[in-house]
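Below: the structure, in structure tokens.
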Amino acid sequence: MPVTHMSRLFGRTLREAPADADSANHQLLLRSGLIVQLAAGVYSFLPPAWRTLLKIEQIIREEMEAAGSQELRMPAIQPRELWEESGRADSYGPVLFNLKDRRDRTMVLAPTHEESVTDLFRKIVQSYRDLPQSVFQMQTKFRDEPRPRGGLVRVREFIMKDAYTFDVDDDAFQLNYNAMRQAYYNIFERCGVSVVAVQADSGAIGGKQSEEFIFLTEIGEDNIVLCPSCGYAANQERAEFARGEGSGVEGDLEQVETPGVATIAGLAEFLGVPEQATAKAAFFLVDGEPTFAVIRGDLEVNELKLLNALDATEVRPLLPEEVEQAGWVAGYASPIGVDASRVVADPSVVDAGGLIAGANQVDSHLRNVTYGRDWSAATVADIGMAQSGDPCAQCGAALDMRRGIELGHIFKLGTRYTDPMEATFLDADGDRITPIMGCYGIGVERLMAAVVQSNHDDHGIIWPRSVAPFDVHIVPLGAGDEVAAAVANVESELSGSGLNVVTDDRNERAGVKFNDADLLGAPLRITIGARGLKQGQIELKLRRDSEASSVPLDGAITAAHEALASLSS
């Protein structure tokens with residue numbers, strides 16, 4: 001393999017990361033000269049980074065093929081008509097890039113490829129004999145994110161491995177799903193990142209159920225709910241939890257004056273009751289309609305659960321003037337008298353008995369407000385936000401909350417796309433059947449960022465050998481023919497044995513070379529200097545270790561391979 005010389009390497013290391021790089025991986029990827037920002041959420045990947053991305057892609061490719069999937073390539077630019085056919089053209093929202101071609105036809109830059117692959121299926125597959133099918137690709141995706149952040153964690157252009165399966169029925173689908181699930185564990189383990197699979201919301205992709213593969217880290221943008229007792233794990237957006245007992249009582253409605261008390265905490269203190277004895281009102285605009293949500297006072301409304309409960313596409317809190325226009329009194333609102341079609345109730349208030357709620361007039365509340373007797377809701381659904389310490393819905397143990405980054409997401413789509421797009425096949429009886437579909441995604445650059453976040457120290461990156469851009473970093477010290485000859489010989493033998501080698505041939509001080517070697521993070525550093533060569537020795541140091549060792553020059557190649565092999569073992 002050819003040797004890379006740092007004097008010719010395209011890119012440069014930085015002493016300091018830009019001020020807006022707020023995570024270790026972002027700082028190190030910039031400082032090591034692996035990535036350069038072009039625009040918000042858009043990055044160039046310089047040669048070492050690209051080597052790593054290709055290695056990650058190859059690991060993914062091997063595991064996908066082992067799971068029975070075939071690689072293909074679908075277009076990144078797609079007719080908007082496909083998205084209209086599936087029903088996602090508008091529901092995907094402003095994240096979808098739209099553009100016009102010269103014939104004034106509206107196209108989209110694909111953020112994902114469910115429509116495209118379903119269109120392929122209906123053009124190619126005719127019979128049950130053609131199933132099952134599993135395909136995948138490495139393709140550039142485009143999402144007009146409102147707030148790109150975290151370096152490569154949330155960007156607007158990125159490489160995704162997306163896979164899709166089609167099966168004759170649910171049982172056959174589950175076999176494919178299980179194979180993909182295991183492949184994901186294999187991929188992340190081979191890349192040097194630990195993950196936990198959690199229940200997740202399917203979001204704009206849709207479908208019956210989904211799981212995210214989460215790298216737990218304090219820099220993560222997702223809140224993950226974990227049960228240390230039974231192993232339950234879910235994204236906070238989806239997490240279930242036990243409500244526990246409320247403190248409702250039976251009795252007639254009773255109005256009570258509560259001057260200046262407009263919060264649940266203030267109400268509980270003023271009346272000397274626990275927050276569980278109150279009902280909280282929250283106001284949202286859901287697909288353009290004002291919506292009155294009611295939940296027990298000690299709980300919070302989960303907007304995503306509310307969205308799903310109403311099968312809606314957009315939700316946001318009402319503005320103060322919108323609350324007033326709806327006829328509700330902020331801080332003192334009551335579900336009594338509100339049109340039930342506009343009310344969503346959490347089970348915590350439906351089963352609680354009489355609670356303290358607003359009287360819909362300033363400085364006044366009502367005791368013993370009871371669901372079914374005094375008010376009702378068109379929708380009763382879990383709209384509660386799980387919090388740390390809440391009881392696990394499965395075993396009752398206190399839940400933990402962790403931060404994490406989603407690295408992969410797998411979906412049970414059912415017939416979400418095959419139904420509206422009329423993708424069918426003929427079964428053994430000649431009947432037309434709709435296939436069961438799944439999709440499976442991994443963000444390749446985000447995975448690289450997670451590798452760095454999971455494998456670094458104060459000095460730089462510590463690449464796992466499986467994805468390292470270089471296996472060996474040679475640091476020559478001193479000038480002269482003897483050093484040059486030894487470096488050339490070691491380079492030749494290492495590269496000839498299949499290792500990726502980078503040599504720091506720059507005219508720099510030893511300290512600069514060592515610092516950059518640590519920053520770039522090759523698994524093994526070899527130092528060749530005039531002083532050591534006088535004793536016939538060179539120095540080997542694994543990046544993960546604090547100490548170096550001297551080995552005879554004539555045994556350097558064997559020692560290097562043994563050192564690298566120790567990392568794999």
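Residue numbering restarts at 1 for every chain of the structure tokens, chains are lettered A, B, ... in their displayed order, and ligands are numbered from 1 as they appear.
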
For range 153-215 of chain A against range 91-113 of chain A, with a cut-off of 12 Å and counting only C-alpha atoms, what is the closest atom pair and its distance in Å to one decimal for every residue that makes the cut, ordered by chain and number, as JSON lines?
```
{"residue": "A:Val155", "atom": "CA", "partner": "A:Val95", "partner_atom": "CA", "distance": 11.3}
{"residue": "A:Arg156", "atom": "CA", "partner": "A:Val95", "partner_atom": "CA", "distance": 9.0}
{"residue": "A:Glu157", "atom": "CA", "partner": "A:Pro111", "partner_atom": "CA", "distance": 8.8}
{"residue": "A:Phe158", "atom": "CA", "partner": "A:Pro111", "partner_atom": "CA", "distance": 9.3}
{"residue": "A:Ile159", "atom": "CA", "partner": "A:Pro111", "partner_atom": "CA", "distance": 10.2}
{"residue": "A:Met160", "atom": "CA", "partner": "A:Thr112", "partner_atom": "CA", "distance": 8.5}
{"residue": "A:Lys161", "atom": "CA", "partner": "A:Thr112", "partner_atom": "CA", "distance": 9.9}
{"residue": "A:Asp162", "atom": "CA", "partner": "A:His113", "partner_atom": "CA", "distance": 7.7}
{"residue": "A:Ala163", "atom": "CA", "partner": "A:His113", "partner_atom": "CA", "distance": 9.1}
{"residue": "A:Tyr164", "atom": "CA", "partner": "A:His113", "partner_atom": "CA", "distance": 9.0}
{"residue": "A:Gly203", "atom": "CA", "partner": "A:Tyr92", "partner_atom": "CA", "distance": 9.2}
{"residue": "A:Ala204", "atom": "CA", "partner": "A:Tyr92", "partner_atom": "CA", "distance": 5.9}
{"residue": "A:Ile205", "atom": "CA", "partner": "A:Thr112", "partner_atom": "CA", "distance": 8.5}
{"residue": "A:Gly206", "atom": "CA", "partner": "A:Tyr92", "partner_atom": "CA", "distance": 10.5}
```

The selected residues should be written to file as a compact mmCIF listing (two decimals), in the first residue's frame (atoms: N, CA and C atoms).
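Output file result38.txt is given in full below:
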```txt
# COMPACT_ATOMS: atom_id res chain seq x y z
N VAL A 155 -26.59 17.44 10.65
CA VAL A 155 -26.10 18.18 9.49
C VAL A 155 -27.17 18.21 8.40
N ARG A 156 -26.88 18.91 7.32
CA ARG A 156 -27.86 19.05 6.25
C ARG A 156 -27.54 18.18 5.03
N GLU A 157 -26.31 17.71 4.94
CA GLU A 157 -25.92 16.76 3.90
C GLU A 157 -25.09 15.68 4.56
N PHE A 158 -25.45 14.41 4.31
CA PHE A 158 -24.75 13.33 5.01
C PHE A 158 -24.92 12.02 4.25
N ILE A 159 -24.05 11.08 4.56
CA ILE A 159 -24.13 9.74 3.97
C ILE A 159 -24.93 8.85 4.91
N MET A 160 -25.91 8.18 4.36
CA MET A 160 -26.67 7.21 5.15
C MET A 160 -26.57 5.85 4.49
N LYS A 161 -26.41 4.85 5.33
CA LYS A 161 -26.68 3.49 4.87
C LYS A 161 -28.15 3.26 5.14
N ASP A 162 -28.94 3.12 4.09
CA ASP A 162 -30.35 2.80 4.29
C ASP A 162 -30.66 1.47 3.61
N ALA A 163 -31.34 0.60 4.35
CA ALA A 163 -31.71 -0.72 3.85
C ALA A 163 -33.22 -0.87 3.91
N TYR A 164 -33.76 -1.73 3.04
CA TYR A 164 -35.20 -1.93 2.95
C TYR A 164 -35.49 -3.40 2.72
N GLY A 203 -41.65 8.85 13.96
CA GLY A 203 -41.53 10.16 13.34
C GLY A 203 -42.04 10.21 11.91
N ALA A 204 -41.30 10.95 11.07
CA ALA A 204 -41.74 11.17 9.70
C ALA A 204 -41.61 9.92 8.84
N ILE A 205 -40.86 8.94 9.29
CA ILE A 205 -40.73 7.69 8.53
C ILE A 205 -42.02 6.89 8.64
N GLY A 206 -42.60 6.87 9.84
CA GLY A 206 -43.87 6.19 10.05
C GLY A 206 -43.69 4.72 10.35
```

Test item: residues at most 10 Å from Ser388 in chain A, only C-alpha atoms, excluding those fewer than 2 positions along its chain, as a list in words: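 Near Ser388 in chain A, the qualifying residues are Ile224, Val225, Leu226, Cys227, Gln236, Ala386, Asp390, Pro391, Ala398, Leu399, Asp400, Met401 and Arg402 of chain A.
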
For the residues in the current selection, export all heavy atoms as a tab-separated table (two decimals), in the first residue's frame.
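Just written: again.tsv:
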```tsv
chain	number	residue	atom	x	y	z
A	224	ILE	N	-32.75	9.56	27.03
A	224	ILE	CA	-33.03	8.13	27.01
A	224	ILE	C	-33.46	7.68	28.40
A	224	ILE	O	-32.78	7.96	29.39
A	224	ILE	CB	-31.79	7.33	26.55
A	224	ILE	CG1	-31.26	7.88	25.22
A	224	ILE	CG2	-32.12	5.85	26.45
A	224	ILE	CD1	-32.27	7.87	24.09
A	225	VAL	N	-34.57	6.97	28.45
A	225	VAL	CA	-35.12	6.47	29.71
A	225	VAL	C	-34.71	5.00	29.84
A	225	VAL	O	-34.99	4.19	28.94
A	225	VAL	CB	-36.65	6.61	29.73
A	225	VAL	CG1	-37.23	5.95	30.97
A	225	VAL	CG2	-37.04	8.09	29.68
A	226	LEU	N	-34.06	4.66	30.95
A	226	LEU	CA	-33.57	3.30	31.16
A	226	LEU	C	-34.05	2.78	32.51
A	226	LEU	O	-34.06	3.52	33.50
A	226	LEU	CB	-32.04	3.28	31.14
A	226	LEU	CG	-31.35	3.81	29.88
A	226	LEU	CD1	-29.85	3.95	30.11
A	226	LEU	CD2	-31.61	2.87	28.69
A	227	CYS	N	-34.43	1.51	32.54
A	227	CYS	CA	-34.76	0.87	33.81
A	227	CYS	C	-33.60	-0.02	34.23
A	227	CYS	O	-33.27	-0.98	33.52
A	227	CYS	CB	-36.02	0.03	33.70
A	227	CYS	SG	-36.44	-0.81	35.25
A	236	GLN	N	-37.11	9.22	25.39
A	236	GLN	CA	-38.09	9.93	26.20
A	236	GLN	C	-39.33	10.30	25.40
A	236	GLN	O	-40.43	10.39	25.95
A	236	GLN	CB	-37.47	11.19	26.82
A	236	GLN	CG	-38.35	11.87	27.87
A	236	GLN	CD	-37.73	13.13	28.42
A	236	GLN	OE1	-36.95	13.80	27.75
A	236	GLN	NE2	-38.08	13.47	29.65
A	386	ALA	N	-42.14	10.98	30.46
A	386	ALA	CA	-41.41	10.24	31.48
A	386	ALA	C	-40.25	11.07	32.01
A	386	ALA	O	-39.57	11.76	31.25
A	386	ALA	CB	-40.90	8.92	30.91
A	390	ASP	N	-39.38	8.31	37.78
A	390	ASP	CA	-40.73	7.78	37.60
A	390	ASP	C	-40.69	6.25	37.68
A	390	ASP	O	-39.69	5.62	37.32
A	390	ASP	CB	-41.30	8.19	36.24
A	390	ASP	CG	-41.78	9.64	36.22
A	390	ASP	OD1	-42.03	10.19	37.31
A	390	ASP	OD2	-41.91	10.21	35.11
A	391	PRO	N	-41.78	5.62	38.10
A	391	PRO	CA	-41.80	4.15	38.16
A	391	PRO	C	-41.83	3.53	36.77
A	391	PRO	O	-42.53	4.01	35.88
A	391	PRO	CB	-43.10	3.84	38.92
A	391	PRO	CG	-43.51	5.12	39.57
A	391	PRO	CD	-43.00	6.21	38.69
A	398	ALA	N	-37.44	2.59	39.84
A	398	ALA	CA	-37.25	3.98	39.44
A	398	ALA	C	-36.45	4.05	38.15
A	398	ALA	O	-35.40	3.41	38.01
A	398	ALA	CB	-36.54	4.75	40.55
A	399	LEU	N	-36.93	4.84	37.19
A	399	LEU	CA	-36.27	4.98	35.90
A	399	LEU	C	-35.09	5.94	35.99
A	399	LEU	O	-35.11	6.91	36.74
A	399	LEU	CB	-37.26	5.50	34.86
A	399	LEU	CG	-38.43	4.58	34.51
A	399	LEU	CD1	-39.45	5.32	33.66
A	399	LEU	CD2	-37.93	3.33	33.76
A	400	ASP	N	-34.06	5.65	35.21
A	400	ASP	CA	-32.92	6.55	35.05
A	400	ASP	C	-33.06	7.33	33.75
A	400	ASP	O	-33.72	6.88	32.81
A	400	ASP	CB	-31.59	5.77	34.99
A	400	ASP	CG	-31.20	5.20	36.34
A	400	ASP	OD1	-31.71	5.69	37.36
A	400	ASP	OD2	-30.40	4.24	36.36
A	401	MET	N	-32.42	8.48	33.69
A	401	MET	CA	-32.41	9.29	32.47
A	401	MET	C	-30.97	9.52	32.04
A	401	MET	O	-30.12	9.93	32.84
A	401	MET	CB	-33.10	10.64	32.70
A	401	MET	CG	-33.34	11.43	31.44
A	401	MET	SD	-34.75	10.86	30.52
A	401	MET	CE	-36.08	11.43	31.59
A	402	ARG	N	-30.66	9.22	30.78
A	402	ARG	CA	-29.33	9.44	30.23
A	402	ARG	C	-29.45	10.22	28.92
A	402	ARG	O	-30.50	10.22	28.28
A	402	ARG	CB	-28.64	8.10	29.96
A	402	ARG	CG	-28.41	7.23	31.20
A	402	ARG	CD	-27.21	7.69	31.99
A	402	ARG	NE	-25.99	7.64	31.20
A	402	ARG	CZ	-25.26	6.54	31.02
A	402	ARG	NH1	-25.63	5.39	31.55
A	402	ARG	NH2	-24.14	6.59	30.30
```

Within 6 Å of range 382-385 of chain A, counting only C-alpha atoms, which residues show up once you throw out same-chain ones fewer than 3 positions away? Write them as a list of chain:residue names, please.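 The residues that qualify are A:Glu300, A:Val301, A:Asn302, A:Lys305, A:Leu306, A:Asp346.
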
Please produce a file of those selected residues containing all heavy atoms, as a PDB file, in the first residue's frame.
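This is the output file selection10.pdb:
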```pdb
ATOM      1  N   GLU A 300     -45.888  16.239  33.128  1.00  0.00           N
ATOM      2  CA  GLU A 300     -45.745  17.172  32.017  1.00  0.00           C
ATOM      3  C   GLU A 300     -46.256  16.521  30.740  1.00  0.00           C
ATOM      4  O   GLU A 300     -46.175  15.310  30.567  1.00  0.00           O
ATOM      5  CB  GLU A 300     -44.273  17.582  31.828  1.00  0.00           C
ATOM      6  CG  GLU A 300     -43.665  18.304  33.020  1.00  0.00           C
ATOM      7  CD  GLU A 300     -44.289  19.675  33.259  1.00  0.00           C
ATOM      8  OE1 GLU A 300     -44.809  20.257  32.287  1.00  0.00           O
ATOM      9  OE2 GLU A 300     -44.251  20.143  34.406  1.00  0.00           O
ATOM     10  N   VAL A 301     -46.752  17.356  29.812  1.00  0.00           N
ATOM     11  CA  VAL A 301     -47.252  16.860  28.537  1.00  0.00           C
ATOM     12  C   VAL A 301     -46.089  16.640  27.576  1.00  0.00           C
ATOM     13  O   VAL A 301     -45.207  17.490  27.437  1.00  0.00           O
ATOM     14  CB  VAL A 301     -48.264  17.841  27.920  1.00  0.00           C
ATOM     15  CG1 VAL A 301     -48.663  17.387  26.514  1.00  0.00           C
ATOM     16  CG2 VAL A 301     -49.502  17.962  28.804  1.00  0.00           C
ATOM     17  N   ASN A 302     -46.107  15.490  26.935  1.00  0.00           N
ATOM     18  CA  ASN A 302     -45.142  15.147  25.900  1.00  0.00           C
ATOM     19  C   ASN A 302     -45.753  15.526  24.554  1.00  0.00           C
ATOM     20  O   ASN A 302     -46.728  14.924  24.111  1.00  0.00           O
ATOM     21  CB  ASN A 302     -44.847  13.636  25.965  1.00  0.00           C
ATOM     22  CG  ASN A 302     -43.829  13.173  24.950  1.00  0.00           C
ATOM     23  OD1 ASN A 302     -43.776  13.655  23.832  1.00  0.00           O
ATOM     24  ND2 ASN A 302     -43.018  12.198  25.337  1.00  0.00           N
ATOM     25  N   LYS A 305     -46.064  12.700  21.932  1.00  0.00           N
ATOM     26  CA  LYS A 305     -47.155  11.764  22.227  1.00  0.00           C
ATOM     27  C   LYS A 305     -48.501  12.394  21.895  1.00  0.00           C
ATOM     28  O   LYS A 305     -49.415  11.725  21.391  1.00  0.00           O
ATOM     29  CB  LYS A 305     -47.115  11.347  23.694  1.00  0.00           C
ATOM     30  CG  LYS A 305     -46.013  10.369  24.057  1.00  0.00           C
ATOM     31  CD  LYS A 305     -46.165   9.924  25.511  1.00  0.00           C
ATOM     32  CE  LYS A 305     -45.107   8.908  25.910  1.00  0.00           C
ATOM     33  NZ  LYS A 305     -45.270   8.475  27.317  1.00  0.00           N
ATOM     34  N   LEU A 306     -48.641  13.680  22.183  1.00  0.00           N
ATOM     35  CA  LEU A 306     -49.876  14.383  21.845  1.00  0.00           C
ATOM     36  C   LEU A 306     -50.093  14.373  20.336  1.00  0.00           C
ATOM     37  O   LEU A 306     -51.212  14.112  19.851  1.00  0.00           O
ATOM     38  CB  LEU A 306     -49.808  15.817  22.368  1.00  0.00           C
ATOM     39  CG  LEU A 306     -50.993  16.730  22.048  1.00  0.00           C
ATOM     40  CD1 LEU A 306     -52.258  16.231  22.737  1.00  0.00           C
ATOM     41  CD2 LEU A 306     -50.688  18.172  22.481  1.00  0.00           C
ATOM     42  N   ASP A 346     -54.995  12.783  29.633  1.00  0.00           N
ATOM     43  CA  ASP A 346     -54.080  11.719  30.010  1.00  0.00           C
ATOM     44  C   ASP A 346     -54.794  10.776  30.979  1.00  0.00           C
ATOM     45  O   ASP A 346     -55.644  11.213  31.772  1.00  0.00           O
ATOM     46  CB  ASP A 346     -52.841  12.323  30.684  1.00  0.00           C
ATOM     47  CG  ASP A 346     -51.778  11.286  30.969  1.00  0.00           C
ATOM     48  OD1 ASP A 346     -51.067  10.903  30.020  1.00  0.00           O
ATOM     49  OD2 ASP A 346     -51.659  10.847  32.138  1.00  0.00           O
TER      50      ASP A 346
END
```

Using DSSP on the backbone coordinates, identify the residues of range 24-171 of chain A assigned to strand (DSSP E or B); present them as a VMD selection string. chain A and resid 35 to 39 42 to 45 70 to 71 77 to 79 97 to 100 106 to 109 127 133 to 142 149 154 157 to 167

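Of the listed residues A:Phe270, A:Phe45, A:Phe283, A:Tyr177, the one whose atoms come nearest to Gly327 in chain A is A:Phe283, with distances taken using only C-alpha atoms.
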
Considering only C-alpha atoms, can you say which of A:Gly231, A:Gly266, A:Gly354, A:Pro259 comes closest to Ala279 in chain A? A:Gly354

Excluding Gln58 in chain A and any residue of its chain fewer than 3 positions from it, enumerate the residues within 12 Å of it, using only C-alpha atoms, and give them as an MDAnalysis selection string. chainID A and resid 51:55 61:65 71 137:138 161 187 190:191 444 466:467

Could you write those residues out with N, CA, C and O atoms, as a short mmCIF file (atom, residue, chain, number, x, y, z; two decimals), in the first residue's frame?
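Here's the written file part.cif:
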```cif
data_model
loop_
_atom_site.label_atom_id
_atom_site.label_comp_id
_atom_site.auth_asym_id
_atom_site.auth_seq_id
_atom_site.Cartn_x
_atom_site.Cartn_y
_atom_site.Cartn_z
N ARG A 51 -10.77 8.10 4.43
CA ARG A 51 -10.31 6.73 4.64
C ARG A 51 -11.15 6.05 5.72
O ARG A 51 -11.56 4.89 5.57
N THR A 52 -11.38 6.77 6.81
CA THR A 52 -12.17 6.20 7.90
C THR A 52 -13.61 5.94 7.47
O THR A 52 -14.18 4.89 7.76
N LEU A 53 -14.20 6.88 6.75
CA LEU A 53 -15.57 6.68 6.29
C LEU A 53 -15.66 5.47 5.37
O LEU A 53 -16.64 4.70 5.44
N LEU A 54 -14.68 5.28 4.51
CA LEU A 54 -14.68 4.11 3.63
C LEU A 54 -14.56 2.82 4.42
O LEU A 54 -15.18 1.80 4.07
N LYS A 55 -13.77 2.85 5.50
CA LYS A 55 -13.66 1.66 6.34
C LYS A 55 -14.97 1.36 7.06
O LYS A 55 -15.38 0.20 7.18
N ARG A 61 -21.10 -2.69 4.92
CA ARG A 61 -21.37 -3.50 3.72
C ARG A 61 -21.24 -5.00 4.04
O ARG A 61 -22.11 -5.80 3.65
N GLU A 62 -20.19 -5.36 4.75
CA GLU A 62 -19.98 -6.77 5.07
C GLU A 62 -21.10 -7.31 5.94
O GLU A 62 -21.59 -8.44 5.73
N GLU A 63 -21.54 -6.53 6.91
CA GLU A 63 -22.59 -7.02 7.81
C GLU A 63 -23.95 -7.03 7.12
O GLU A 63 -24.78 -7.91 7.38
N MET A 64 -24.21 -6.07 6.25
CA MET A 64 -25.47 -6.08 5.50
C MET A 64 -25.53 -7.29 4.57
O MET A 64 -26.57 -7.97 4.47
N GLU A 65 -24.44 -7.57 3.88
CA GLU A 65 -24.43 -8.71 2.98
C GLU A 65 -24.54 -10.02 3.76
O GLU A 65 -25.21 -10.96 3.31
N GLU A 71 -26.59 -4.78 -2.26
CA GLU A 71 -26.32 -3.36 -2.42
C GLU A 71 -26.80 -2.86 -3.78
O GLU A 71 -26.62 -3.52 -4.80
N GLN A 137 -28.15 0.62 0.41
CA GLN A 137 -27.28 1.51 -0.34
C GLN A 137 -26.51 2.40 0.62
O GLN A 137 -26.87 2.55 1.79
N MET A 138 -25.42 3.00 0.13
CA MET A 138 -24.72 4.10 0.79
C MET A 138 -25.01 5.32 -0.09
O MET A 138 -24.54 5.40 -1.22
N LYS A 161 -26.41 4.85 5.33
CA LYS A 161 -26.68 3.49 4.87
C LYS A 161 -28.15 3.26 5.14
O LYS A 161 -28.59 3.26 6.29
N ILE A 187 -22.11 -4.18 13.64
CA ILE A 187 -21.47 -3.01 13.03
C ILE A 187 -20.90 -2.09 14.10
O ILE A 187 -19.73 -1.67 14.04
N ARG A 190 -17.88 -3.58 15.91
CA ARG A 190 -16.67 -3.59 15.08
C ARG A 190 -16.07 -2.19 14.93
O ARG A 190 -14.86 -2.04 14.75
N CYS A 191 -16.92 -1.17 15.02
CA CYS A 191 -16.43 0.21 14.91
C CYS A 191 -15.94 0.77 16.24
O CYS A 191 -15.39 1.88 16.27
N VAL A 444 -23.52 7.48 8.53
CA VAL A 444 -22.12 7.06 8.48
C VAL A 444 -21.21 8.09 9.14
O VAL A 444 -20.36 7.75 9.97
N SER A 466 -9.92 -0.93 13.51
CA SER A 466 -10.86 -1.30 12.45
C SER A 466 -11.24 -0.14 11.55
O SER A 466 -11.57 -0.33 10.38
N VAL A 467 -11.20 1.10 12.09
CA VAL A 467 -11.62 2.26 11.30
C VAL A 467 -10.56 3.35 11.25
O VAL A 467 -10.83 4.45 10.77
#
```

Identify which of the residues A:Met437, A:Leu253, A:Val349, A:Leu216 lies closest to Phe411 in chain A, counting only C-alpha atoms when measuring atom-to-atom distances.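 The closest residue to Phe411 in chain A is A:Met437.
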
Within 10 Å of Gly87 in chain A, counting only C-alpha atoms, which residues show up once you throw out same-chain ones fewer than 6 positions away? Write them as a PDB file with N, CA and C atoms, in the first residue's frame, please.
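Done, and the output landed in part-v2.pdb:
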```pdb
ATOM      1  N   GLU A  81     -43.788  14.007  -7.094  1.00  0.00           N
ATOM      2  CA  GLU A  81     -45.005  13.209  -7.235  1.00  0.00           C
ATOM      3  C   GLU A  81     -44.944  11.918  -6.428  1.00  0.00           C
ATOM      4  N   GLU A 115     -39.973   5.979  -0.620  1.00  0.00           N
ATOM      5  CA  GLU A 115     -40.773   6.095  -1.840  1.00  0.00           C
ATOM      6  C   GLU A 115     -40.055   5.495  -3.039  1.00  0.00           C
ATOM      7  N   ARG A 416     -47.147   0.900   5.361  1.00  0.00           N
ATOM      8  CA  ARG A 416     -47.209   2.360   5.345  1.00  0.00           C
ATOM      9  C   ARG A 416     -46.974   2.947   3.945  1.00  0.00           C
ATOM     10  N   TYR A 417     -46.080   2.354   3.160  1.00  0.00           N
ATOM     11  CA  TYR A 417     -45.781   2.858   1.820  1.00  0.00           C
ATOM     12  C   TYR A 417     -46.361   1.964   0.728  1.00  0.00           C
ATOM     13  N   PRO A 420     -50.410   2.928   0.034  1.00  0.00           N
ATOM     14  CA  PRO A 420     -50.767   4.099  -0.785  1.00  0.00           C
ATOM     15  C   PRO A 420     -50.126   4.088  -2.163  1.00  0.00           C
ATOM     16  N   MET A 421     -48.989   3.422  -2.297  1.00  0.00           N
ATOM     17  CA  MET A 421     -48.316   3.394  -3.597  1.00  0.00           C
ATOM     18  C   MET A 421     -48.692   2.164  -4.419  1.00  0.00           C
TER      19      MET A 421
END
```

Distance query Val487 in chain A at most 12 Å, only C-alpha atoms, self and fewer than 2 positions along chain excluded, as number ranges by chain: A: 3, 5, 473-485, 489-495, 501-505, 526-530, 533, 538, 553, 556-557

Give me, please, the distance in Å between CA of Gly41 in chain A and CA of Leu519 in chain A, quoted to one decimal.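 Here the two named atoms are 23.6 Å from each other.
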
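In terms of minimum interatomic distance to Ile264 in chain A, A:Asp298 ranks closest within A:Asp222, A:Asp298, A:Glu547, A:Glu508, counting only C-alpha atoms.
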
Show which residues sit within 9 Å of range 14-19 of chain A, as a PyMOL selection string. Count only C-alpha atoms, and ignore same-chain residues fewer than 5 positions away. chain A and resi 26-33

Selection from above, N, CA and C atoms, as an mmCIF file, in the first residue's frame, can you write it?
```cif
data_model
loop_
_atom_site.group_PDB
_atom_site.id
_atom_site.type_symbol
_atom_site.label_atom_id
_atom_site.label_comp_id
_atom_site.auth_asym_id
_atom_site.auth_seq_id
_atom_site.Cartn_x
_atom_site.Cartn_y
_atom_site.Cartn_z
ATOM 1 N N HIS A 26 -16.199 16.951 17.855
ATOM 2 C CA HIS A 26 -16.186 18.058 16.907
ATOM 3 C C HIS A 26 -14.850 18.798 16.965
ATOM 4 N N GLN A 27 -14.375 19.062 18.160
ATOM 5 C CA GLN A 27 -13.098 19.746 18.326
ATOM 6 C C GLN A 27 -11.960 18.950 17.708
ATOM 7 N N LEU A 28 -11.921 17.645 17.990
ATOM 8 C CA LEU A 28 -10.804 16.829 17.525
ATOM 9 C C LEU A 28 -10.852 16.600 16.014
ATOM 10 N N LEU A 29 -12.038 16.438 15.462
ATOM 11 C CA LEU A 29 -12.134 16.270 14.008
ATOM 12 C C LEU A 29 -11.672 17.522 13.275
ATOM 13 N N LEU A 30 -11.957 18.700 13.851
ATOM 14 C CA LEU A 30 -11.492 19.950 13.250
ATOM 15 C C LEU A 30 -9.993 20.143 13.479
ATOM 16 N N ARG A 31 -9.526 19.942 14.713
ATOM 17 C CA ARG A 31 -8.118 20.172 15.032
ATOM 18 C C ARG A 31 -7.197 19.228 14.279
ATOM 19 N N SER A 32 -7.629 18.008 14.068
ATOM 20 C CA SER A 32 -6.783 17.035 13.377
ATOM 21 C C SER A 32 -6.798 17.224 11.869
ATOM 22 N N GLY A 33 -7.597 18.168 11.383
ATOM 23 C CA GLY A 33 -7.647 18.427 9.952
ATOM 24 C C GLY A 33 -8.407 17.371 9.180
#
```

Which residue is closest to Gly150 in chain A? Choose from A:Arg446, A:His459, A:Arg373, A:Lys123 and count only C-alpha atoms.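 Distance minimum relative to Gly150 in chain A lands on A:Arg446.
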
Figure out the distance between CA of Ala423 in chain A and CA of Arg122 in chain A, please, to one decimal in Å.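 Calculated distance between CA of Arg122 in chain A and CA of Ala423 in chain A is 4.8 Å.
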
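A straight line drawn from CA of Tyr332 in chain A to CA of Val294 in chain A is 12.5 Å long.
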
Find the residue from A:Leu131, A:Thr140, A:Asp20, A:Asp419 that sits nearest to Thr434 in chain A; use only C-alpha atoms when measuring.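 Looking only at the distances to Thr434 in chain A, the closest residue turns out to be A:Asp419.
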
Residues of range 191-309 of chain A within 10 Å of range 321-325 of chain A: nearest atom pair and distance (Å, one decimal) for each, counting only C-alpha atoms, sorted by chain and number, as JSON lines?
```
{"residue": "A:Ala282", "atom": "CA", "partner": "A:Val323", "partner_atom": "CA", "distance": 9.8}
{"residue": "A:Phe283", "atom": "CA", "partner": "A:Val323", "partner_atom": "CA", "distance": 7.1}
{"residue": "A:Phe284", "atom": "CA", "partner": "A:Val323", "partner_atom": "CA", "distance": 8.8}
{"residue": "A:Leu285", "atom": "CA", "partner": "A:Glu322", "partner_atom": "CA", "distance": 8.9}
{"residue": "A:Pro290", "atom": "CA", "partner": "A:Glu322", "partner_atom": "CA", "distance": 8.1}
{"residue": "A:Thr291", "atom": "CA", "partner": "A:Val323", "partner_atom": "CA", "distance": 9.7}
{"residue": "A:Phe292", "atom": "CA", "partner": "A:Val323", "partner_atom": "CA", "distance": 9.7}
```
